[in-house]
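Data first, discussion second: the structure below is written as structure tokens.
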Amino acid sequence: MLRLLQIEFIKLWNNRVSKILIIAYFVLLTSIALVAAIKFDIGPIKFHLADQGIFNFPYIWHFNTFITAFFKLFLAIVIVSMMANEYSNKTIKQNLIDGLSKKEFILSKFLTVISFSILSTLFVFVVSLILGLIYSDYNEPGIIFSDLEFLLAFFVKLMGFFSFCLFLGILVKRSAFALGFLILWQVFEGFVRGMIRWKFFDGDTTDIVMGFFPLNAMWKLIDEPFSRLGAVQSVADQIGEKFELDYGVQWYEILIVLGWTAIFIYGSYALLKKRDL
Amino acid sequence: MSTILTVSNLTKKFGYLTAVKNLSFTIEKGNVYGILGPNGSGKSTTLGIVLNVVNRTSGEFSWFGGETSTHEALKKVGAIIERPNFYPYMTAIQNLKLVCKIKEVPENKIEEKLELVGLLDRKNSKFRTYSLGMKQRLAIASALLNDPEILILDEPTNGLDPQGIHQIREIIKKVASKGTTILLASHLLDEVEKVCTHVVILRKGQKLYSGRVDDMMASYGFFELKSSNTDMLLTFLENNPSFSKVTQENGLITAFLSEEMNSEVLNRSLMDKGIVLSHLVKRKESLEEQFLALTNNASN
């Protein structure tokens, strides 16, 4: 297993574009700490974002995992091209001839995806922990380590998304087209949502049905955290609105994304096995 | 002698096209094999199947007596198919290190093999800066990294300039002289003739012949003769039952033998008849002539 990871590491790390993107991604993950520096000091109006409670435990787990998940697009490019380049350079053929089995080939890519996901989760965990320890109003261990399921959801979300990218890379064989396909798929899911809502069901049922589509399932893993913020809540109270959202991570949402991950990885393997190179 | 590769009743269909039809042959250790055939005769497809990159339609193949899985067996094989495929953004050394990881062999042979193919001074250049000849030589170095039991080369000199072709041939000869089994697919016959001891001849995916180069045709060779007395010579040859066919072209008479005869015997009997030769050569058909004869026979 270590050998497969090393093989993939040599391929990625010697590619300048991949290297820059990977580094940029992790720098961005860390840069969420810079949000803490947002500070307005205009005469009597003093606004310091860090004081608004976004870095309070356990809310910070929710907020940071939601925000940093957007950066995954950087790695998506790396992953799609690491797969598609094997086709355009025909190195996949040479790898197989050199004695890598098709299963090992897919496994080496999947292990890389898992490593990226684990690394990202660890990064977010550490950065959030530090930020929280500095700015949070609550510092009891019981509160710090509550709601950690957002990190699990974050990990599953990344793994599912990257597996989708991997699958598209194998399916389309060209990185630009594969990324285009990804956007097209997003549009397609939006279109399906519209059609279902219009022709068949009410809003709630549509949400349930859409929860089974891959990108939607990944999106729903971590709900938007803004309406949960204390400031927003109090504003809502004043104008008589009440948010009654369930912000938690649902087990079935995780299950759906894990299911898609399995389908994508097995699909990649099946495609590779079936094709003549 | 141990068997390296056994292929039995292999068939590959691409849609309605049958690229390889019921092909069987075996590769024994220590020989140098050539797979011959015109373009599109199924050479590369056959190699692709045994190298795990093309799926077979039916039939079987087994490496080293079938004790290991194909991908494990391939770690003991060195192979180059068509164009050299490496990561363009990596240097020669980095590419070879990757191959070592895949083949699970130590990295200490990289320098030695680069030396063998004459690329040591360019080892830190990126692959995309190489010329085609250098790329092909790097591919050979990569195929030799594991000191393979068998080296498979598919059209290794395709697209190279004469110098490049010569370099590749020298390397192949060097490797062959060390006792490595070689399987060389080519449509360039002199290439095969120069290095191969055995041939498999394909045409439209079917095997026409497999065996030793020498035994390819049950032929006793032929004489090339010249004499000032051409008519008498022709009459003599045509009346002699030892010759099956006599042809004349530009004053050069070619007489094909139907039984064994050495040139001394022929010369003496011609002298007895008073026919003096100005040119006498005994030859065997070249591989090219044999190959053309075989492929023509099959098409008629």
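Each chain of the structure tokens is named A, B, ... in the order shown, its residues numbered from 1; ligands are numbered from 1 in display order.
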
Quick check for you: according to DSSP on this backbone, which residues of segment 42-187 of chain A are classed as strand (DSSP E)? Reply as a PyMOL selection string. chain A and resi 42+45-48

Using only C-alpha atoms, determine which residues lie at most 9 Å from segment 198-214 of chain A, disregarding the query and same-chain residues fewer than 4 positions distant; provide the list as an NGL selection string. :A and (160-161 or 164 or 189 or 192-194 or 218-220 or 253 or 256-257 or 260-261)

Report the closest atom pair, with its distance in Å rounded to one decimal, for each residue of chain A that has an atom no farther than 8 Å from chain B; count only C-alpha atoms, sort by chain and then rising residue number, and write it as a Markdown table.
```
| residue | atom | partner | partner_atom | distance |
| --- | --- | --- | --- | --- |
| A:Arg3 | CA | B:Lys101 | CA | 6.9 |
| A:Gln6 | CA | B:Lys101 | CA | 7.8 |
| A:Ile7 | CA | B:Leu98 | CA | 6.2 |
| A:Ile10 | CA | B:Leu98 | CA | 6.8 |
| A:Lys11 | CA | B:Leu98 | CA | 7.8 |
| A:Asn14 | CA | B:Met90 | CA | 6.2 |
| A:Asn15 | CA | B:Tyr89 | CA | 6.1 |
| A:Asn89 | CA | B:Asn85 | CA | 6.5 |
| A:Lys90 | CA | B:Asn85 | CA | 5.9 |
| A:Thr91 | CA | B:Asn85 | CA | 5.3 |
| A:Lys93 | CA | B:Val53 | CA | 6.4 |
| A:Gln94 | CA | B:Asn85 | CA | 6.2 |
| A:Asn95 | CA | B:Ile102 | CA | 7.4 |
| A:Leu96 | CA | B:Val53 | CA | 6.7 |
| A:Ile97 | CA | B:Leu51 | CA | 5.5 |
| A:Asp98 | CA | B:Lys75 | CA | 6.1 |
| A:Gly99 | CA | B:His71 | CA | 4.7 |
| A:Leu100 | CA | B:His71 | CA | 6.0 |
| A:Ser101 | CA | B:His71 | CA | 5.4 |
| A:Lys274 | CA | B:Asn55 | CA | 7.4 |
| A:Arg275 | CA | B:Asn55 | CA | 7.5 |
| A:Asp276 | CA | B:Val54 | CA | 4.5 |
| A:Leu277 | CA | B:Val53 | CA | 5.5 |
```

Could those selected residues go to a file with N, CA and C atoms, as a tab-separated table (two decimals), in the first residue's frame?
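See again37.tsv below for the written result:
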```tsv
chain	number	residue	atom	x	y	z
A	3	ARG	N	3.80	1.37	-1.18
A	3	ARG	CA	4.43	1.41	-2.50
A	3	ARG	C	3.52	2.15	-3.49
A	6	GLN	N	3.65	5.79	-2.84
A	6	GLN	CA	4.92	6.36	-3.29
A	6	GLN	C	4.91	6.57	-4.80
A	7	ILE	N	4.37	5.59	-5.52
A	7	ILE	CA	4.29	5.69	-6.98
A	7	ILE	C	3.52	6.96	-7.37
A	10	ILE	N	5.46	10.22	-6.54
A	10	ILE	CA	6.50	10.57	-7.53
A	10	ILE	C	5.85	11.26	-8.73
A	11	LYS	N	4.73	10.70	-9.18
A	11	LYS	CA	4.06	11.27	-10.36
A	11	LYS	C	3.57	12.69	-10.09
A	14	ASN	N	6.54	15.60	-8.92
A	14	ASN	CA	7.47	16.07	-9.95
A	14	ASN	C	6.78	16.91	-11.01
A	15	ASN	N	5.47	17.03	-10.92
A	15	ASN	CA	4.72	17.85	-11.87
A	15	ASN	C	4.53	19.24	-11.26
A	89	ASN	N	-0.71	10.93	-21.89
A	89	ASN	CA	0.71	10.56	-22.04
A	89	ASN	C	0.88	9.08	-22.35
A	90	LYS	N	-0.23	8.34	-22.33
A	90	LYS	CA	-0.21	6.88	-22.52
A	90	LYS	C	0.64	6.17	-21.47
A	91	THR	N	0.90	6.85	-20.37
A	91	THR	CA	1.73	6.22	-19.35
A	91	THR	C	0.96	5.13	-18.62
A	93	LYS	N	-0.62	2.82	-20.03
A	93	LYS	CA	-0.25	1.61	-20.76
A	93	LYS	C	1.10	1.10	-20.27
A	94	GLN	N	2.06	2.02	-20.17
A	94	GLN	CA	3.40	1.63	-19.75
A	94	GLN	C	3.38	1.12	-18.31
A	95	ASN	N	2.59	1.75	-17.44
A	95	ASN	CA	2.48	1.29	-16.05
A	95	ASN	C	2.01	-0.15	-15.99
A	96	LEU	N	0.99	-0.46	-16.81
A	96	LEU	CA	0.46	-1.82	-16.80
A	96	LEU	C	1.48	-2.81	-17.34
A	97	ILE	N	2.18	-2.40	-18.42
A	97	ILE	CA	3.19	-3.28	-19.01
A	97	ILE	C	4.33	-3.52	-18.02
A	98	ASP	N	4.65	-2.48	-17.24
A	98	ASP	CA	5.73	-2.61	-16.28
A	98	ASP	C	5.37	-3.52	-15.11
A	99	GLY	N	4.10	-3.89	-15.00
A	99	GLY	CA	3.76	-4.85	-13.97
A	99	GLY	C	2.82	-4.34	-12.88
A	100	LEU	N	2.18	-3.19	-13.11
A	100	LEU	CA	1.17	-2.73	-12.18
A	100	LEU	C	-0.15	-3.37	-12.65
A	101	SER	N	-0.92	-3.96	-11.72
A	101	SER	CA	-2.19	-4.52	-12.17
A	101	SER	C	-3.22	-3.40	-12.25
A	274	LYS	N	-12.47	-2.99	-18.73
A	274	LYS	CA	-13.18	-3.30	-19.97
A	274	LYS	C	-12.44	-2.75	-21.19
A	275	ARG	N	-11.72	-1.63	-21.00
A	275	ARG	CA	-11.14	-0.95	-22.15
A	275	ARG	C	-9.87	-1.62	-22.66
A	276	ASP	N	-9.66	-1.53	-23.98
A	276	ASP	CA	-8.37	-1.87	-24.56
A	276	ASP	C	-7.56	-0.58	-24.64
A	277	LEU	N	-6.31	-0.68	-24.24
A	277	LEU	CA	-5.52	0.55	-24.23
A	277	LEU	C	-4.68	0.68	-25.49
```

For Lys194 of chain B, list every protein, DNA or RNA residue within 10 Å, evaluated using only C-alpha atoms, and leave out those in the same chain fewer than 5 positions away; present the list as a PyMOL selection string. chain B and resi 169+173+189+287

Using only C-alpha atoms, which residues sit within 8 Å of Leu237 of chain B once same-chain residues fewer than 3 positions away are excluded, as number ranges by chain? B: 233-234, 240, 243, 246, 255

Report the residues of segment 62-225 of chain B whose backbone DSSP state falls under alpha helix (DSSP H), written as a PyMOL selection string. chain B and resi 70-74+92-103+110-116+132-144+162-177+189-195

For the residues in the current selection, export C-alpha atoms as a PDB file, in the first residue's frame.
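What follows is the written file result27.pdb:
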```
ATOM      1  CA  THR B  70       0.100 -11.847 -15.306  1.00  0.00           C
ATOM      2  CA  HIS B  71       1.005  -8.611 -13.562  1.00  0.00           C
ATOM      3  CA  GLU B  72       3.472 -10.373 -11.262  1.00  0.00           C
ATOM      4  CA  ALA B  73       5.010 -12.085 -14.283  1.00  0.00           C
ATOM      5  CA  LEU B  74       5.325  -8.770 -16.087  1.00  0.00           C
ATOM      6  CA  ALA B  92      15.176  10.318 -17.064  1.00  0.00           C
ATOM      7  CA  ILE B  93      16.246   9.456 -13.528  1.00  0.00           C
ATOM      8  CA  GLN B  94      12.848  10.305 -12.036  1.00  0.00           C
ATOM      9  CA  ASN B  95      11.064   8.260 -14.680  1.00  0.00           C
ATOM     10  CA  LEU B  96      13.304   5.275 -14.085  1.00  0.00           C
ATOM     11  CA  LYS B  97      12.870   5.546 -10.319  1.00  0.00           C
ATOM     12  CA  LEU B  98       9.141   5.311 -10.856  1.00  0.00           C
ATOM     13  CA  VAL B  99       9.584   2.183 -12.981  1.00  0.00           C
ATOM     14  CA  CYS B 100      11.745   0.677 -10.213  1.00  0.00           C
ATOM     15  CA  LYS B 101       8.916   1.285  -7.739  1.00  0.00           C
ATOM     16  CA  ILE B 102       6.400  -0.367 -10.036  1.00  0.00           C
ATOM     17  CA  LYS B 103       8.622  -3.350 -10.767  1.00  0.00           C
ATOM     18  CA  ILE B 110      19.584   3.031 -13.044  1.00  0.00           C
ATOM     19  CA  GLU B 111      23.025   4.492 -13.789  1.00  0.00           C
ATOM     20  CA  GLU B 112      24.297   1.238 -15.235  1.00  0.00           C
ATOM     21  CA  LYS B 113      21.403   0.941 -17.678  1.00  0.00           C
ATOM     22  CA  LEU B 114      21.593   4.596 -18.692  1.00  0.00           C
ATOM     23  CA  GLU B 115      25.257   4.008 -19.419  1.00  0.00           C
ATOM     24  CA  LEU B 116      24.388   0.979 -21.580  1.00  0.00           C
ATOM     25  CA  LEU B 132      12.828  10.321 -30.588  1.00  0.00           C
ATOM     26  CA  GLY B 133      15.976   8.207 -30.706  1.00  0.00           C
ATOM     27  CA  MET B 134      16.837   9.137 -27.126  1.00  0.00           C
ATOM     28  CA  LYS B 135      13.290   8.446 -25.991  1.00  0.00           C
ATOM     29  CA  GLN B 136      13.473   5.005 -27.553  1.00  0.00           C
ATOM     30  CA  ARG B 137      16.818   4.326 -25.879  1.00  0.00           C
ATOM     31  CA  LEU B 138      15.438   5.453 -22.532  1.00  0.00           C
ATOM     32  CA  ALA B 139      12.584   3.013 -23.080  1.00  0.00           C
ATOM     33  CA  ILE B 140      15.102   0.218 -23.584  1.00  0.00           C
ATOM     34  CA  ALA B 141      16.994   1.248 -20.434  1.00  0.00           C
ATOM     35  CA  SER B 142      13.707   1.188 -18.549  1.00  0.00           C
ATOM     36  CA  ALA B 143      12.830  -2.254 -19.901  1.00  0.00           C
ATOM     37  CA  LEU B 144      16.206  -3.576 -18.786  1.00  0.00           C
ATOM     38  CA  PRO B 162      19.709   5.523 -39.772  1.00  0.00           C
ATOM     39  CA  GLN B 163      22.010   6.426 -36.910  1.00  0.00           C
ATOM     40  CA  GLY B 164      19.282   5.843 -34.373  1.00  0.00           C
ATOM     41  CA  ILE B 165      18.398   2.518 -35.991  1.00  0.00           C
ATOM     42  CA  HIS B 166      22.027   1.474 -35.805  1.00  0.00           C
ATOM     43  CA  GLN B 167      22.300   2.440 -32.121  1.00  0.00           C
ATOM     44  CA  ILE B 168      19.182   0.472 -31.217  1.00  0.00           C
ATOM     45  CA  ARG B 169      20.425  -2.596 -33.105  1.00  0.00           C
ATOM     46  CA  GLU B 170      23.774  -2.453 -31.354  1.00  0.00           C
ATOM     47  CA  ILE B 171      22.002  -2.348 -28.007  1.00  0.00           C
ATOM     48  CA  ILE B 172      19.780  -5.291 -28.967  1.00  0.00           C
ATOM     49  CA  LYS B 173      22.820  -7.309 -30.032  1.00  0.00           C
ATOM     50  CA  LYS B 174      24.586  -6.452 -26.796  1.00  0.00           C
ATOM     51  CA  VAL B 175      21.591  -7.611 -24.786  1.00  0.00           C
ATOM     52  CA  ALA B 176      21.152 -10.766 -26.851  1.00  0.00           C
ATOM     53  CA  SER B 177      24.809 -11.684 -26.400  1.00  0.00           C
ATOM     54  CA  LEU B 189      12.940  -8.226 -42.292  1.00  0.00           C
ATOM     55  CA  ASP B 190      16.643  -7.540 -42.369  1.00  0.00           C
ATOM     56  CA  GLU B 191      16.298  -6.373 -38.800  1.00  0.00           C
ATOM     57  CA  VAL B 192      14.839  -9.698 -37.771  1.00  0.00           C
ATOM     58  CA  GLU B 193      17.224 -11.676 -39.961  1.00  0.00           C
ATOM     59  CA  LYS B 194      20.234 -10.088 -38.315  1.00  0.00           C
ATOM     60  CA  VAL B 195      19.357 -10.990 -34.758  1.00  0.00           C
TER      61      VAL B 195
END
```

As a check of understanding: the span from atom CA of Leu202 of chain B to atom CA of Val20 of chain B is 9.0 Å

Mind pulling up the distance from atom CA of Tyr220 of chain B to atom CA of Glu260 of chain B?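 Atom-to-atom, atom CA of Glu260 of chain B to atom CA of Tyr220 of chain B, that is 5.8 Å.
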
Could you pull the residues within 12 Å of Glu285 of chain B, counting only C-alpha atoms, minus those fewer than 6 positions along the same chain, as a PyMOL selection string? chain B and resi 193+213-224+254-257+291-294

Write out the residues from the selection above, keeping N, CA and C atoms, as a PDB file, in the first residue's frame.
```pdb
ATOM      1  N   GLU B 193      16.260 -10.697 -39.459  1.00  0.00           N
ATOM      2  CA  GLU B 193      17.224 -11.676 -39.961  1.00  0.00           C
ATOM      3  C   GLU B 193      18.564 -11.554 -39.247  1.00  0.00           C
ATOM      4  N   VAL B 213      14.505 -20.067 -37.954  1.00  0.00           N
ATOM      5  CA  VAL B 213      14.639 -19.319 -39.196  1.00  0.00           C
ATOM      6  C   VAL B 213      15.151 -20.232 -40.314  1.00  0.00           C
ATOM      7  N   ASP B 214      16.116 -21.110 -39.967  1.00  0.00           N
ATOM      8  CA  ASP B 214      16.735 -21.970 -40.981  1.00  0.00           C
ATOM      9  C   ASP B 214      15.747 -22.951 -41.586  1.00  0.00           C
ATOM     10  N   ASP B 215      14.795 -23.394 -40.775  1.00  0.00           N
ATOM     11  CA  ASP B 215      13.876 -24.430 -41.256  1.00  0.00           C
ATOM     12  C   ASP B 215      12.640 -23.856 -41.922  1.00  0.00           C
ATOM     13  N   MET B 216      12.641 -22.550 -42.092  1.00  0.00           N
ATOM     14  CA  MET B 216      11.416 -21.902 -42.528  1.00  0.00           C
ATOM     15  C   MET B 216      10.905 -22.466 -43.836  1.00  0.00           C
ATOM     16  N   MET B 217      11.793 -22.722 -44.766  1.00  0.00           N
ATOM     17  CA  MET B 217      11.361 -23.352 -46.009  1.00  0.00           C
ATOM     18  C   MET B 217      12.211 -24.586 -46.203  1.00  0.00           C
ATOM     19  N   ALA B 218      11.571 -25.666 -46.637  1.00  0.00           N
ATOM     20  CA  ALA B 218      12.331 -26.864 -46.930  1.00  0.00           C
ATOM     21  C   ALA B 218      13.077 -26.593 -48.229  1.00  0.00           C
ATOM     22  N   SER B 219      14.133 -25.845 -48.122  1.00  0.00           N
ATOM     23  CA  SER B 219      14.804 -25.400 -49.342  1.00  0.00           C
ATOM     24  C   SER B 219      16.278 -25.749 -49.256  1.00  0.00           C
ATOM     25  N   TYR B 220      16.863 -26.063 -50.423  1.00  0.00           N
ATOM     26  CA  TYR B 220      18.284 -26.403 -50.461  1.00  0.00           C
ATOM     27  C   TYR B 220      19.101 -25.222 -50.950  1.00  0.00           C
ATOM     28  N   GLY B 221      18.484 -24.102 -51.111  1.00  0.00           N
ATOM     29  CA  GLY B 221      19.201 -22.925 -51.570  1.00  0.00           C
ATOM     30  C   GLY B 221      19.235 -22.857 -53.095  1.00  0.00           C
ATOM     31  N   PHE B 222      20.071 -21.974 -53.608  1.00  0.00           N
ATOM     32  CA  PHE B 222      20.146 -21.820 -55.066  1.00  0.00           C
ATOM     33  C   PHE B 222      21.529 -21.333 -55.472  1.00  0.00           C
ATOM     34  N   PHE B 223      21.840 -21.556 -56.755  1.00  0.00           N
ATOM     35  CA  PHE B 223      23.107 -21.072 -57.302  1.00  0.00           C
ATOM     36  C   PHE B 223      22.853 -19.822 -58.125  1.00  0.00           C
ATOM     37  N   GLU B 224      23.787 -18.891 -58.057  1.00  0.00           N
ATOM     38  CA  GLU B 224      23.796 -17.786 -58.997  1.00  0.00           C
ATOM     39  C   GLU B 224      24.998 -17.998 -59.910  1.00  0.00           C
ATOM     40  N   THR B 254      19.840 -17.961 -62.260  1.00  0.00           N
ATOM     41  CA  THR B 254      19.552 -18.450 -60.918  1.00  0.00           C
ATOM     42  C   THR B 254      18.949 -19.842 -61.037  1.00  0.00           C
ATOM     43  N   ALA B 255      19.600 -20.793 -60.401  1.00  0.00           N
ATOM     44  CA  ALA B 255      19.117 -22.179 -60.486  1.00  0.00           C
ATOM     45  C   ALA B 255      18.767 -22.674 -59.093  1.00  0.00           C
ATOM     46  N   PHE B 256      17.495 -23.042 -58.892  1.00  0.00           N
ATOM     47  CA  PHE B 256      17.034 -23.483 -57.575  1.00  0.00           C
ATOM     48  C   PHE B 256      17.221 -24.980 -57.431  1.00  0.00           C
ATOM     49  N   LEU B 257      17.782 -25.394 -56.318  1.00  0.00           N
ATOM     50  CA  LEU B 257      18.078 -26.806 -56.090  1.00  0.00           C
ATOM     51  C   LEU B 257      16.850 -27.552 -55.588  1.00  0.00           C
ATOM     52  N   PHE B 291       9.925 -14.885 -46.737  1.00  0.00           N
ATOM     53  CA  PHE B 291       8.727 -14.284 -46.168  1.00  0.00           C
ATOM     54  C   PHE B 291       7.713 -13.948 -47.256  1.00  0.00           C
ATOM     55  N   LEU B 292       8.214 -13.333 -48.327  1.00  0.00           N
ATOM     56  CA  LEU B 292       7.317 -12.976 -49.423  1.00  0.00           C
ATOM     57  C   LEU B 292       6.717 -14.225 -50.048  1.00  0.00           C
ATOM     58  N   ALA B 293       7.549 -15.276 -50.188  1.00  0.00           N
ATOM     59  CA  ALA B 293       7.048 -16.529 -50.762  1.00  0.00           C
ATOM     60  C   ALA B 293       5.932 -17.091 -49.891  1.00  0.00           C
ATOM     61  N   LEU B 294       6.179 -17.072 -48.564  1.00  0.00           N
ATOM     62  CA  LEU B 294       5.188 -17.618 -47.640  1.00  0.00           C
ATOM     63  C   LEU B 294       3.884 -16.817 -47.670  1.00  0.00           C
TER      64      LEU B 294
END
```

Write out as a PyMOL selection string each polymer residue whose atoms come within 10 Å of segment 49-61 of chain A, counting only C-alpha atoms; drop sequence neighbours fewer than 4 positions from it. chain A and resi 33-40+65-66+124-125+128-151+154+225-226+228-231
